[in-house]
$ cat model.txt   # compact mmCIF, C-alpha atoms
# COMPACT_ATOMS: atom_id res chain seq x y z
CA MET E 131 60.56 86.52 194.69
CA ASP E 132 60.67 85.58 190.99
CA LYS E 133 64.38 84.84 190.58
CA LYS E 134 64.22 84.19 186.83
CA TYR E 135 63.32 87.79 186.10
CA LEU E 136 65.64 89.06 188.81
CA TYR E 137 68.51 87.34 187.02
CA LEU E 138 67.41 88.87 183.72
CA LEU E 139 67.43 92.33 185.29
CA SER E 140 70.78 91.58 186.88
CA PHE E 141 72.15 90.65 183.45
CA GLY E 142 70.77 93.95 182.18
CA HIS E 143 72.75 95.59 184.98
CA VAL E 144 75.87 93.76 183.78
CA SER E 145 75.35 95.05 180.24
CA ALA E 146 74.81 98.61 181.46
CA ASP E 147 77.72 98.83 183.87
CA ILE E 148 80.25 96.89 181.79
CA ASN E 149 80.59 99.98 179.60
CA MET E 150 81.31 102.24 182.57
CA GLY E 151 83.79 99.69 183.88
CA ALA E 152 85.52 99.47 180.50
CA LEU E 153 86.03 103.23 180.09
CA PRO E 154 89.08 103.63 182.41
CA ALA E 155 90.84 100.81 180.54
CA ILE E 156 90.06 102.45 177.19
CA LEU E 157 91.54 105.83 178.16
CA PRO E 158 95.20 104.84 177.52
CA PHE E 159 94.17 103.76 174.03
CA PHE E 160 92.55 107.16 173.47
CA VAL E 161 95.96 108.63 174.28
CA SER E 162 97.99 106.27 172.07
CA GLU E 163 95.54 105.92 169.16
CA TYR E 164 93.82 109.31 169.09
CA GLY E 165 96.60 111.50 170.47
CA MET E 166 94.68 112.77 173.51
CA ASN E 167 96.60 114.43 176.33
CA TYR E 168 95.92 114.03 180.06
CA THR E 169 93.63 117.05 180.12
CA ASP E 170 91.56 115.48 177.34
CA VAL E 171 91.40 112.21 179.27
CA ALA E 172 90.24 114.01 182.42
CA GLY E 173 87.51 115.62 180.32
CA ILE E 174 86.34 112.20 179.12
CA ILE E 175 86.11 110.95 182.71
CA PHE E 176 84.10 114.05 183.57
CA ALA E 177 81.83 113.48 180.56
CA SER E 178 80.94 109.97 181.72
CA SER E 179 79.39 111.09 184.99
CA PHE E 180 78.58 114.82 185.17
CA LEU E 181 75.22 114.72 183.35
CA SER E 182 74.37 111.14 184.27
CA SER E 183 74.32 111.81 188.00
CA VAL E 184 72.14 114.89 187.59
CA VAL E 185 69.50 113.40 185.29
CA GLN E 186 69.24 109.99 186.98
CA PRO E 187 66.81 111.20 189.68
CA ALA E 188 64.80 112.90 186.92
CA PHE E 189 64.38 109.61 185.05
CA GLY E 190 63.42 108.01 188.35
CA TYR E 191 60.75 110.69 188.83
CA MET E 192 59.42 109.97 185.34
CA ALA E 193 59.28 106.25 186.10
CA ASP E 194 57.20 106.99 189.20
CA LYS E 195 54.66 108.95 187.19
CA LYS E 196 54.13 106.13 184.70
CA GLU E 197 55.61 102.64 184.45
CA ARG E 198 58.21 102.65 181.71
CA GLN E 199 59.73 99.19 181.50
CA TRP E 200 61.12 100.18 178.10
CA PHE E 201 63.47 102.60 179.88
CA MET E 202 65.62 99.60 180.81
CA GLY E 203 66.12 98.41 177.24
CA LEU E 204 66.59 101.96 175.97
CA GLY E 205 69.18 102.73 178.63
CA VAL E 206 71.28 99.64 177.90
CA LEU E 207 71.04 100.30 174.14
CA ILE E 208 72.20 103.92 174.40
CA THR E 209 75.02 103.03 176.78
CA GLY E 210 76.49 100.23 174.68
CA LEU E 211 76.07 101.86 171.27
CA SER E 212 77.57 105.14 172.50
CA LEU E 213 80.73 103.42 173.72
CA ALA E 214 80.97 101.36 170.52
CA ILE E 215 80.82 104.49 168.36
CA THR E 216 83.89 105.96 170.09
CA GLY E 217 85.94 103.24 168.40
CA PHE E 218 85.10 104.60 164.95
CA ILE E 219 85.56 108.37 165.39
CA ARG E 220 88.56 110.51 166.23
CA ASP E 221 87.15 113.99 166.87
CA TYR E 222 87.52 114.78 170.58
CA TRP E 223 84.25 116.64 171.09
CA THR E 224 82.28 113.99 169.23
CA ILE E 225 83.79 111.38 171.53
CA PHE E 226 83.01 113.64 174.50
CA PHE E 227 79.37 113.77 173.35
CA PHE E 228 79.00 110.00 172.98
CA VAL E 229 80.69 109.31 176.32
CA THR E 230 78.22 111.75 177.86
CA MET E 231 75.39 109.85 176.17
CA MET E 232 76.82 106.62 177.56
CA GLY E 233 76.40 108.07 181.04
CA VAL E 234 72.87 109.26 180.24
CA GLY E 235 71.94 105.77 179.02
CA ASN E 236 73.20 104.41 182.32
CA ALA E 237 71.04 106.96 184.12
CA ILE E 238 67.97 105.86 182.16
CA PHE E 239 68.45 102.18 183.03
CA HIS E 240 69.15 102.25 186.77
CA PRO E 241 66.07 103.88 188.36
CA GLU E 242 63.59 101.82 186.34
CA GLY E 243 65.66 98.67 186.85
CA ALA E 244 65.87 99.19 190.61
CA ARG E 245 62.15 100.06 190.78
CA ASN E 246 61.21 96.79 189.07
CA VAL E 247 63.58 94.80 191.28
CA ASN E 248 61.89 96.34 194.31
CA LYS E 249 58.51 95.17 193.06
CA ILE E 250 59.29 91.65 191.86
CA SER E 251 61.36 90.84 194.96
CA GLY E 252 58.19 90.63 197.02
CA ALA E 253 58.96 90.55 200.74
CA LYS E 254 62.67 89.77 200.18
CA LYS E 255 63.67 93.14 198.79
CA GLY E 256 67.17 93.10 200.24
CA GLY E 257 67.98 89.75 198.64
CA GLY E 258 66.48 90.82 195.33
CA MET E 259 68.43 94.08 195.28
CA SER E 260 71.63 92.22 196.11
CA ILE E 261 71.17 89.99 193.04
CA PHE E 262 70.67 93.14 190.97
CA GLY E 263 73.70 94.77 192.58
CA VAL E 264 75.98 91.82 191.85
CA GLY E 265 75.22 92.34 188.17
CA GLY E 266 76.68 95.83 188.46
CA ASN E 267 79.72 94.47 190.30
CA ILE E 268 80.32 91.91 187.55
CA GLY E 269 79.94 94.55 184.85
CA ILE E 270 82.35 96.99 186.51
CA GLY E 271 84.84 94.21 187.27
CA THR E 272 84.88 92.52 183.85
CA GLY E 273 84.66 95.70 181.78
CA PRO E 274 88.38 96.59 181.96
CA LEU E 275 89.53 93.04 181.18
CA LEU E 276 87.18 92.74 178.22
CA ALA E 277 88.12 96.17 176.87
CA VAL E 278 91.85 95.46 176.97
CA PHE E 279 91.35 92.09 175.24
CA LEU E 280 89.20 93.62 172.48
CA LEU E 281 91.47 96.61 171.88
CA THR E 282 94.70 94.64 171.82
CA THR E 283 93.17 92.01 169.55
CA PHE E 284 91.04 94.04 167.14
CA GLY E 285 92.15 97.65 167.67
CA MET E 286 89.72 100.49 168.41
CA LYS E 287 87.04 98.87 166.25
CA GLY E 288 86.92 96.07 168.81
CA LEU E 289 84.65 98.36 170.85
CA LEU E 290 81.90 97.29 168.44
CA PHE E 291 81.40 94.28 170.73
CA PHE E 292 79.89 96.54 173.40
CA GLY E 293 77.31 97.72 170.88
CA ILE E 294 76.44 94.16 169.87
CA LEU E 295 76.06 93.14 173.52
CA ALA E 296 73.81 96.14 174.12
CA LEU E 297 71.63 95.28 171.12
CA CYS E 298 71.12 91.72 172.33
CA THR E 299 70.46 92.68 175.95
CA SER E 300 68.11 95.55 175.09
CA ALA E 301 66.12 93.26 172.79
CA MET E 302 65.74 90.82 175.68
CA LEU E 303 64.64 93.59 178.06
CA PHE E 304 62.13 94.99 175.57
CA PHE E 305 60.73 91.47 175.06
CA VAL E 306 60.26 90.64 178.75
CA GLY E 307 59.20 94.14 179.84
CA GLY E 308 55.49 93.35 179.80
CA ARG E 309 55.99 90.11 181.69
CA ILE E 310 58.10 91.86 184.31
CA LYS E 311 55.31 94.39 184.77
CA ASN E 312 52.79 91.60 185.39
CA ILE E 313 55.11 89.79 187.79
CA ALA E 314 55.72 93.06 189.67
CA ASN E 315 51.97 93.61 190.11
CA GLN E 316 51.47 90.02 191.27
CA ALA E 317 54.34 90.21 193.75
CA THR E 318 53.04 93.47 195.16
CA ALA E 319 49.62 91.94 195.72
CA SER E 320 50.98 88.66 197.15
CA VAL E 321 52.86 90.33 200.02
CA GLY E 322 49.94 92.59 200.79
CA GLU E 323 51.73 95.87 200.26
CA LYS E 324 49.78 99.05 200.63
CA SER E 325 48.10 100.40 197.56
CA LYS E 326 49.64 103.40 195.87
CA SER E 327 46.82 105.61 197.10
CA VAL E 328 47.86 105.20 200.76
CA GLU E 329 51.62 105.05 200.36
CA LYS E 330 53.46 108.02 201.84
CA ASN E 331 56.84 109.69 201.39
CA ASN E 332 58.92 110.29 204.51
CA TRP E 333 61.14 113.11 203.24
CA SER E 334 62.62 113.78 206.68
CA ALA E 335 63.89 110.21 206.93
CA PHE E 336 65.15 110.29 203.34
CA ARG E 337 67.16 113.46 204.05
CA ARG E 338 68.83 111.70 206.98
CA LEU E 339 69.63 108.74 204.74
CA PHE E 340 71.08 111.11 202.16
CA ALA E 341 73.43 112.52 204.81
CA VAL E 342 74.63 108.98 205.57
CA ILE E 343 75.10 108.33 201.85
CA LEU E 344 77.16 111.51 201.57
CA PHE E 345 79.63 110.38 204.24
CA ARG E 346 79.67 106.80 202.90
CA SER E 347 80.36 107.95 199.35
CA ALA E 348 83.19 110.22 200.49
CA ALA E 349 84.71 107.40 202.54
CA ILE E 350 84.56 104.83 199.73
CA THR E 351 85.95 107.33 197.22
CA ALA E 352 88.91 108.09 199.49
CA ILE E 353 89.67 104.38 199.93
CA THR E 354 89.40 103.35 196.27
CA GLY E 355 91.16 106.48 195.04
CA PHE E 356 94.09 106.64 197.46
CA LEU E 357 94.62 103.17 198.96
CA PRO E 358 97.06 102.03 196.21
CA LEU E 359 99.05 105.27 196.53
CA PHE E 360 99.11 104.89 200.33
CA CYS E 361 100.43 101.34 200.00
CA ILE E 362 103.18 102.41 197.58
CA HIS E 363 104.37 105.66 199.16
CA ILE E 364 103.75 104.98 202.86
CA LEU E 365 103.97 101.20 203.18
CA SER E 366 106.67 100.77 200.47
CA ALA E 367 104.65 98.13 198.63
CA SER E 368 105.21 97.39 194.95
CA PRO E 369 102.76 98.84 192.42
CA ALA E 370 101.49 95.32 191.70
CA ALA E 371 100.87 94.59 195.38
CA ALA E 372 99.20 97.96 195.86
CA GLY E 373 96.95 97.57 192.83
CA ALA E 374 95.95 94.10 193.98
CA THR E 375 94.21 95.64 197.00
CA LEU E 376 91.51 97.07 194.73
CA THR E 377 91.23 93.77 192.87
CA VAL E 378 90.56 91.96 196.15
CA LEU E 379 88.02 94.58 197.20
CA SER E 380 86.26 94.26 193.83
CA LEU E 381 86.13 90.46 193.88
CA CYS E 382 84.93 90.34 197.48
CA GLY E 383 82.45 93.12 196.77
CA ALA E 384 80.13 90.83 194.80
CA PHE E 385 79.94 88.34 197.68
CA ALA E 386 79.57 91.15 200.21
CA THR E 387 76.64 92.55 198.23
CA LEU E 388 74.87 89.17 198.26
CA ILE E 389 75.55 88.55 201.95
CA GLY E 390 74.42 92.05 202.90
CA GLY E 391 71.25 91.78 200.83
CA TYR E 392 70.07 88.56 202.43
CA LEU E 393 71.15 89.76 205.87
CA SER E 394 69.04 92.89 205.34
CA ASP E 395 65.94 90.74 204.96
CA LYS E 396 66.78 88.88 208.17
CA ILE E 397 67.69 91.65 210.61
CA GLY E 398 66.60 94.83 208.83
CA TYR E 399 68.03 97.49 206.53
CA VAL E 400 68.92 100.07 209.17
CA LYS E 401 70.84 97.53 211.25
CA VAL E 402 72.87 96.38 208.25
CA ILE E 403 73.70 99.99 207.37
CA ARG E 404 74.80 100.68 210.96
CA ILE E 405 76.91 97.52 211.14
CA GLY E 406 78.61 98.39 207.86
CA ALA E 407 79.33 101.95 208.93
CA CYS E 408 80.72 100.86 212.32
CA LEU E 409 82.86 98.13 210.72
CA LEU E 410 84.41 100.70 208.42
CA ILE E 411 86.04 102.57 211.34
CA PRO E 412 88.44 99.86 212.63
CA CYS E 413 89.26 98.76 209.08
CA VAL E 414 90.43 102.24 208.13
CA ALA E 415 92.23 102.62 211.47
CA VAL E 416 94.26 99.49 210.75
CA ILE E 417 95.20 100.84 207.33
CA ALA E 418 96.15 104.24 208.74
CA PHE E 419 98.17 103.13 211.79
CA SER E 420 99.45 99.57 211.22
CA HIS E 421 102.27 100.57 208.83
CA SER E 422 102.13 97.08 207.32
CA ILE E 423 100.94 95.95 203.89
CA TYR E 424 100.14 92.55 205.44
CA ALA E 425 97.78 94.20 207.93
CA VAL E 426 96.11 96.02 205.03
CA TYR E 427 95.55 92.72 203.23
CA ALA E 428 94.20 91.20 206.44
CA VAL E 429 91.39 93.78 206.64
CA LEU E 430 90.43 93.77 202.94
CA ILE E 431 87.62 91.22 203.38
CA PRO E 432 85.96 93.00 206.33
CA LEU E 433 86.59 96.30 204.54
CA SER E 434 84.76 94.94 201.50
CA LEU E 435 81.87 93.91 203.73
CA ALA E 436 81.81 97.39 205.25
CA MET E 437 81.84 99.08 201.84
CA GLN E 438 79.53 96.83 199.81
CA GLY E 439 77.58 94.78 202.32
CA SER E 440 75.06 97.57 202.84
CA TYR E 441 74.62 98.32 199.10
CA SER E 442 71.14 96.76 198.91
CA ALA E 443 70.08 98.15 202.27
CA TYR E 444 70.71 101.76 201.21
CA ILE E 445 68.67 101.40 198.02
CA VAL E 446 65.74 99.50 199.56
CA LEU E 447 65.63 101.76 202.61
CA GLY E 448 65.52 104.82 200.36
CA GLN E 449 62.72 103.21 198.34
CA SER E 450 60.85 102.45 201.56
CA TYR E 451 61.19 105.99 202.89
CA LEU E 452 59.84 107.31 199.58
CA ALA E 453 57.19 104.63 199.04
CA LYS E 454 55.30 106.77 196.51
CA SER E 455 58.47 107.72 194.63
CA VAL E 456 60.45 104.48 194.38
CA GLY E 457 62.00 105.44 191.04
CA PHE E 458 63.15 108.84 192.29
CA ALA E 459 64.60 107.27 195.44
CA SER E 460 66.47 104.77 193.27
CA GLY E 461 67.84 107.55 191.10
CA VAL E 462 69.16 109.45 194.11
CA THR E 463 70.64 106.48 195.97
CA LEU E 464 72.20 105.03 192.80
CA GLY E 465 73.04 108.25 190.97
CA LEU E 466 73.85 111.09 193.32
CA SER E 467 75.62 108.80 195.76
CA PHE E 468 78.03 107.98 192.94
CA SER E 469 78.56 111.57 191.88
CA ILE E 470 79.14 112.86 195.41
CA GLY E 471 82.28 110.78 195.63
CA GLY E 472 83.57 112.26 192.40
CA MET E 473 82.82 115.79 193.57
CA VAL E 474 84.80 115.43 196.81
CA MET E 475 87.85 113.92 195.10
CA PRO E 476 89.49 117.31 194.32
CA PHE E 477 89.13 118.34 197.98
CA LEU E 478 90.57 115.03 199.18
CA GLY E 479 93.47 115.41 196.75
CA LYS E 480 94.14 118.94 198.00
CA PHE E 481 94.05 117.70 201.58
CA ALA E 482 96.56 114.95 200.70
CA ASP E 483 98.86 117.51 199.06
CA ASN E 484 98.81 119.64 202.22
CA PHE E 485 98.88 116.98 204.94
CA GLY E 486 100.16 113.85 203.20
CA LEU E 487 98.58 110.47 202.60
CA GLU E 488 98.85 109.57 206.30
CA GLY E 489 96.91 112.71 207.13
CA LEU E 490 94.31 111.77 204.54
CA MET E 491 93.83 108.32 206.04
CA THR E 492 93.40 109.92 209.45
CA LEU E 493 90.75 112.17 207.93
CA GLU E 494 89.18 109.04 206.47
CA ILE E 495 88.70 107.71 210.00
CA GLY E 496 86.88 110.93 210.89
CA ILE E 497 84.62 110.57 207.84
CA ALA E 498 83.86 106.96 208.81
CA VAL E 499 82.98 108.05 212.35
CA CYS E 500 80.63 110.74 210.99
CA CYS E 501 78.99 108.12 208.78
CA ALA E 502 78.45 105.78 211.73
CA LEU E 503 77.03 108.59 213.89
CA ALA E 504 74.69 109.68 211.09
CA THR E 505 73.21 106.17 210.91
CA LEU E 506 71.92 106.62 214.46
CA LEU E 507 69.50 109.22 213.12
CA LEU E 508 67.86 106.80 210.68
CA PRO E 509 64.31 105.93 211.74
CA SER E 510 63.28 102.28 211.58
CA LEU E 511 60.53 101.11 209.26
CA THR E 512 59.45 98.09 211.28
CA LYS E 513 60.70 96.10 214.21
CA LYS E 514 63.16 94.40 211.83
CA ALA E 515 64.33 97.61 210.18
$ encode --input "model.txt" --output "structure tokens"
Amino acid sequence: MDKKYLYLLSFGHVSADINMGALPAILPFFVSEYGMNYTDVAGIIFASSFLSSVVQPAFGYMADKKERQWFMGLGVLITGLSLAITGFIRDYWTIFFFVTMMGVGNAIFHPEGARNVNKISGAKKGGGMSIFGVGGNIGIGTGPLLAVFLLTTFGMKGLLFFGILALCTSAMLFFVGGRIKNIANQATASVGEKSKSVEKNNWSAFRRLFAVILFRSAAITAITGFLPLFCIHILSASPAAAGATLTVLSLCGAFATLIGGYLSDKIGYVKVIRIGACLLIPCVAVIAFSHSIYAVYAVLIPLSLAMQGSYSAYIVLGQSYLAKSVGFASGVTLGLSFSIGGMVMPFLGKFADNFGLEGLMTLEIGIAVCCALATLLLPSLTKKA
């Protein structure tokens, strides 16, 4: 494992995801500064993900056909510049276009970035992917804070900072792209991996993994989307106390990603995925039936482990199942798994309207059980997997 280049790719992940993390914090300023209504804001949220999630596997497929290290620099550049431009224009549909392009830039970066991480991590792919994943956690977590500081200090033109950061990071990625390619080839040879000519794709196993990802994405979306509301309306917590639950989950998520990544290399990817899925069930049950905000806070750390501890394992396992199509597997596990959660949100909201937030949390237990059961169908790669 060449950690120097892993850290560079992780920083690239920070620069890519910091824009996506900043967007929710920028939306209120779109309302106050540009006069957008809530329908307009919902459209902007839609713009950030609808095309990105669809094209991400396509960019992964392209990366599999021919190594394109420059995809990483290009993706970061498009993402940051697109967000920066929204601070200098007022037309809604032009903003919609550039927010869409921000999502596309994100889609360009991730498959190629994850493919290179897979290669340069050598035999410790779980640990390498966890380092990469923490970069995304940092970007998502710091994006809102940075955006609010820039906008309150410099106004809408403060978004220019995201463009400057993207320019610097993309220049770095373009510069080291050739070296990363060489390191990836050396790492592949050093661990004695099979040559590309004999690698095979296990589509049956990948379909089973996709089913697990579907349930996991729905479960995580329900928790992050409705946990604060559940704490306020059911547990009578203050808005500050309810919002803090997501802050704790986010902060613990970075550590959970690292722990899960290194644990994956020790005991295997499938085992880590199964442990995470099984741990999710009692955590959600405590939230649903304890009727105590203190009990909710008590399970936030194990809940974070359940949600984020298997992050690396899902990506690396998908890459291993599709050994000839690592980029495509990365695009699906990173892209579609994100979009699935967004697509089920309207159904979860409708369910909550009909059966209440307590009913929704009970449904969440059922989703977690389905996720755990689906992991039993995952075939192992090796004795450790």
$ closest_atom_pairs --input "model.txt" --of "region 220-253 of chain E" --to "region 419-443 of chain E" --cutoff "12 Å" --atoms "all atoms listed in the file" --output "JSON lines"
{"residue": "E:Ala244", "atom": "CA", "partner": "E:Ser442", "partner_atom": "CA", "distance": 10.1}
{"residue": "E:Val247", "atom": "CA", "partner": "E:Ser442", "partner_atom": "CA", "distance": 10.9}
{"residue": "E:Asn248", "atom": "CA", "partner": "E:Ser442", "partner_atom": "CA", "distance": 10.3}
$ write_last_selection --input "model.txt" --atoms "C-alpha atoms" --output "short mmCIF file (atom, residue, chain, number, x, y, z; two decimals), in the coordinates of the input"
data_model
loop_
_atom_site.label_atom_id
_atom_site.label_comp_id
_atom_site.auth_asym_id
_atom_site.auth_seq_id
_atom_site.Cartn_x
_atom_site.Cartn_y
_atom_site.Cartn_z
CA ALA E 244 65.87 99.19 190.61
CA VAL E 247 63.58 94.80 191.28
CA ASN E 248 61.89 96.34 194.31
#
$ closest_residue --input "model.txt" --among "E:Phe304, E:Phe291, E:Phe141, E:Trp223" --to "Leu204 (chain E)" --atoms "all atoms listed in the file"
E:Phe304
$ atom_distance --input "model.txt" --atom1 "CA of Leu136 (chain E)" --atom2 "CA of Val446 (chain E)"
15.0 Å
$ closest_residue --input "model.txt" --among "E:Lys133, E:Arg198, E:Lys330, E:Arg337" --to "Pro509 (chain E)" --atoms "all atoms listed in the file"
E:Arg337
$ atom_distance --input "model.txt" --atom1 "CA of Cys501 (chain E)" --atom2 "CA of Leu339 (chain E)"
10.2 Å
$ residues_around --input "model.txt" --residues "Phe345 (chain E)" --least-positions-apart "2" --cutoff "8 Å" --atoms "all atoms listed in the file" --output "PyMOL selection string"
chain E and resi 341-343+347-349+497-498+500-501
$ closest_atom_pairs --input "model.txt" --of "region 196-263 of chain E" --to "region 156-175 of chain E" --cutoff "7 Å" --atoms "only C-alpha atoms" --output "CSV"
residue,atom,partner,partner_atom,distance
E:Arg220,CA,E:Tyr164,CA,6.1
E:Phe226,CA,E:Ile174,CA,5.9
E:Val229,CA,E:Ile174,CA,6.9
$ closest_residue --input "model.txt" --among "E:Ala301, E:Ile350, E:Ala370, E:Leu507" --to "Arg404 (chain E)" --atoms "only C-alpha atoms"
E:Leu507
$ atom_distance --input "model.txt" --atom1 "CA of Gln449 (chain E)" --atom2 "CA of Ala146 (chain E)"
21.3 Å
$ residues_around --input "model.txt" --residues "Asp194 (chain E)" --least-positions-apart "5" --cutoff "12 Å" --atoms "only C-alpha atoms" --output "PyMOL selection string"
chain E and resi 187-189+199+241-242+244-246+326+449+452-461
$ write_last_selection --input "model.txt" --atoms "C-alpha atoms" --output "PDB file, keeping the file's coordinate frame"
ATOM      1  CA  PRO E 187      66.810 111.200 189.680  1.00  0.00           C
ATOM      2  CA  ALA E 188      64.800 112.900 186.920  1.00  0.00           C
ATOM      3  CA  PHE E 189      64.380 109.610 185.050  1.00  0.00           C
ATOM      4  CA  GLN E 199      59.730  99.190 181.500  1.00  0.00           C
ATOM      5  CA  PRO E 241      66.070 103.880 188.360  1.00  0.00           C
ATOM      6  CA  GLU E 242      63.590 101.820 186.340  1.00  0.00           C
ATOM      7  CA  ALA E 244      65.870  99.190 190.610  1.00  0.00           C
ATOM      8  CA  ARG E 245      62.150 100.060 190.780  1.00  0.00           C
ATOM      9  CA  ASN E 246      61.210  96.790 189.070  1.00  0.00           C
ATOM     10  CA  LYS E 326      49.640 103.400 195.870  1.00  0.00           C
ATOM     11  CA  GLN E 449      62.720 103.210 198.340  1.00  0.00           C
ATOM     12  CA  LEU E 452      59.840 107.310 199.580  1.00  0.00           C
ATOM     13  CA  ALA E 453      57.190 104.630 199.040  1.00  0.00           C
ATOM     14  CA  LYS E 454      55.300 106.770 196.510  1.00  0.00           C
ATOM     15  CA  SER E 455      58.470 107.720 194.630  1.00  0.00           C
ATOM     16  CA  VAL E 456      60.450 104.480 194.380  1.00  0.00           C
ATOM     17  CA  GLY E 457      62.000 105.440 191.040  1.00  0.00           C
ATOM     18  CA  PHE E 458      63.150 108.840 192.290  1.00  0.00           C
ATOM     19  CA  ALA E 459      64.600 107.270 195.440  1.00  0.00           C
ATOM     20  CA  SER E 460      66.470 104.770 193.270  1.00  0.00           C
ATOM     21  CA  GLY E 461      67.840 107.550 191.100  1.00  0.00           C
TER      22      GLY E 461
END
$ closest_residue --input "model.txt" --among "E:Ile417, E:Val206, E:Ile411, E:Ala372" --to "Glu488 (chain E)" --atoms "all atoms listed in the file"
E:Ile417
$ decode --input "model.txt" --residues "region 209-255 of chain E" --atoms "C-alpha atoms" --output "PDB file, in the first residue's frame"
ATOM      1  CA  THR E 209     -17.487  20.017  -9.789  1.00  0.00           C
ATOM      2  CA  GLY E 210     -15.775  22.968  -8.112  1.00  0.00           C
ATOM      3  CA  LEU E 211     -16.028  25.424 -10.996  1.00  0.00           C
ATOM      4  CA  SER E 212     -19.714  24.623 -11.542  1.00  0.00           C
ATOM      5  CA  LEU E 213     -20.579  25.408  -7.926  1.00  0.00           C
ATOM      6  CA  ALA E 214     -18.447  28.578  -7.990  1.00  0.00           C
ATOM      7  CA  ILE E 215     -20.280  29.874 -11.066  1.00  0.00           C
ATOM      8  CA  THR E 216     -23.643  29.706  -9.263  1.00  0.00           C
ATOM      9  CA  GLY E 217     -22.433  32.572  -7.082  1.00  0.00           C
ATOM     10  CA  PHE E 218     -22.215  34.898 -10.085  1.00  0.00           C
ATOM     11  CA  ILE E 219     -25.473  34.189 -11.945  1.00  0.00           C
ATOM     12  CA  ARG E 220     -29.112  34.645 -11.028  1.00  0.00           C
ATOM     13  CA  ASP E 221     -31.059  32.872 -13.779  1.00  0.00           C
ATOM     14  CA  TYR E 222     -32.697  29.764 -12.302  1.00  0.00           C
ATOM     15  CA  TRP E 223     -32.256  27.428 -15.255  1.00  0.00           C
ATOM     16  CA  THR E 224     -28.625  28.433 -15.701  1.00  0.00           C
ATOM     17  CA  ILE E 225     -28.046  27.617 -12.040  1.00  0.00           C
ATOM     18  CA  PHE E 226     -29.949  24.346 -12.541  1.00  0.00           C
ATOM     19  CA  PHE E 227     -27.589  23.504 -15.431  1.00  0.00           C
ATOM     20  CA  PHE E 228     -24.404  24.194 -13.472  1.00  0.00           C
ATOM     21  CA  VAL E 229     -25.625  22.289 -10.414  1.00  0.00           C
ATOM     22  CA  THR E 230     -26.332  19.377 -12.751  1.00  0.00           C
ATOM     23  CA  MET E 231     -22.800  19.697 -14.117  1.00  0.00           C
ATOM     24  CA  MET E 232     -21.498  19.706 -10.547  1.00  0.00           C
ATOM     25  CA  GLY E 233     -23.113  16.305 -10.078  1.00  0.00           C
ATOM     26  CA  VAL E 234     -21.706  15.060 -13.393  1.00  0.00           C
ATOM     27  CA  GLY E 235     -18.208  16.161 -12.357  1.00  0.00           C
ATOM     28  CA  ASN E 236     -18.645  14.175  -9.174  1.00  0.00           C
ATOM     29  CA  ALA E 237     -19.682  11.180 -11.263  1.00  0.00           C
ATOM     30  CA  ILE E 238     -16.550  11.493 -13.410  1.00  0.00           C
ATOM     31  CA  PHE E 239     -14.219  11.541 -10.390  1.00  0.00           C
ATOM     32  CA  HIS E 240     -15.513   8.680  -8.246  1.00  0.00           C
ATOM     33  CA  PRO E 241     -15.246   5.548 -10.431  1.00  0.00           C
ATOM     34  CA  GLU E 242     -11.722   6.344 -11.631  1.00  0.00           C
ATOM     35  CA  GLY E 243     -10.679   7.415  -8.132  1.00  0.00           C
ATOM     36  CA  ALA E 244     -12.023   4.222  -6.557  1.00  0.00           C
ATOM     37  CA  ARG E 245     -10.469   2.102  -9.333  1.00  0.00           C
ATOM     38  CA  ASN E 246      -7.027   3.587  -8.675  1.00  0.00           C
ATOM     39  CA  VAL E 247      -7.420   3.173  -4.920  1.00  0.00           C
ATOM     40  CA  ASN E 248      -8.237  -0.489  -5.504  1.00  0.00           C
ATOM     41  CA  LYS E 249      -5.018  -0.929  -7.459  1.00  0.00           C
ATOM     42  CA  ILE E 250      -2.535   1.010  -5.333  1.00  0.00           C
ATOM     43  CA  SER E 251      -3.849  -0.482  -2.084  1.00  0.00           C
ATOM     44  CA  GLY E 252      -2.224  -3.792  -2.949  1.00  0.00           C
ATOM     45  CA  ALA E 253      -3.432  -6.573  -0.669  1.00  0.00           C
ATOM     46  CA  LYS E 254      -4.964  -4.130   1.861  1.00  0.00           C
ATOM     47  CA  LYS E 255      -7.839  -2.956  -0.281  1.00  0.00           C
TER      48      LYS E 255
END
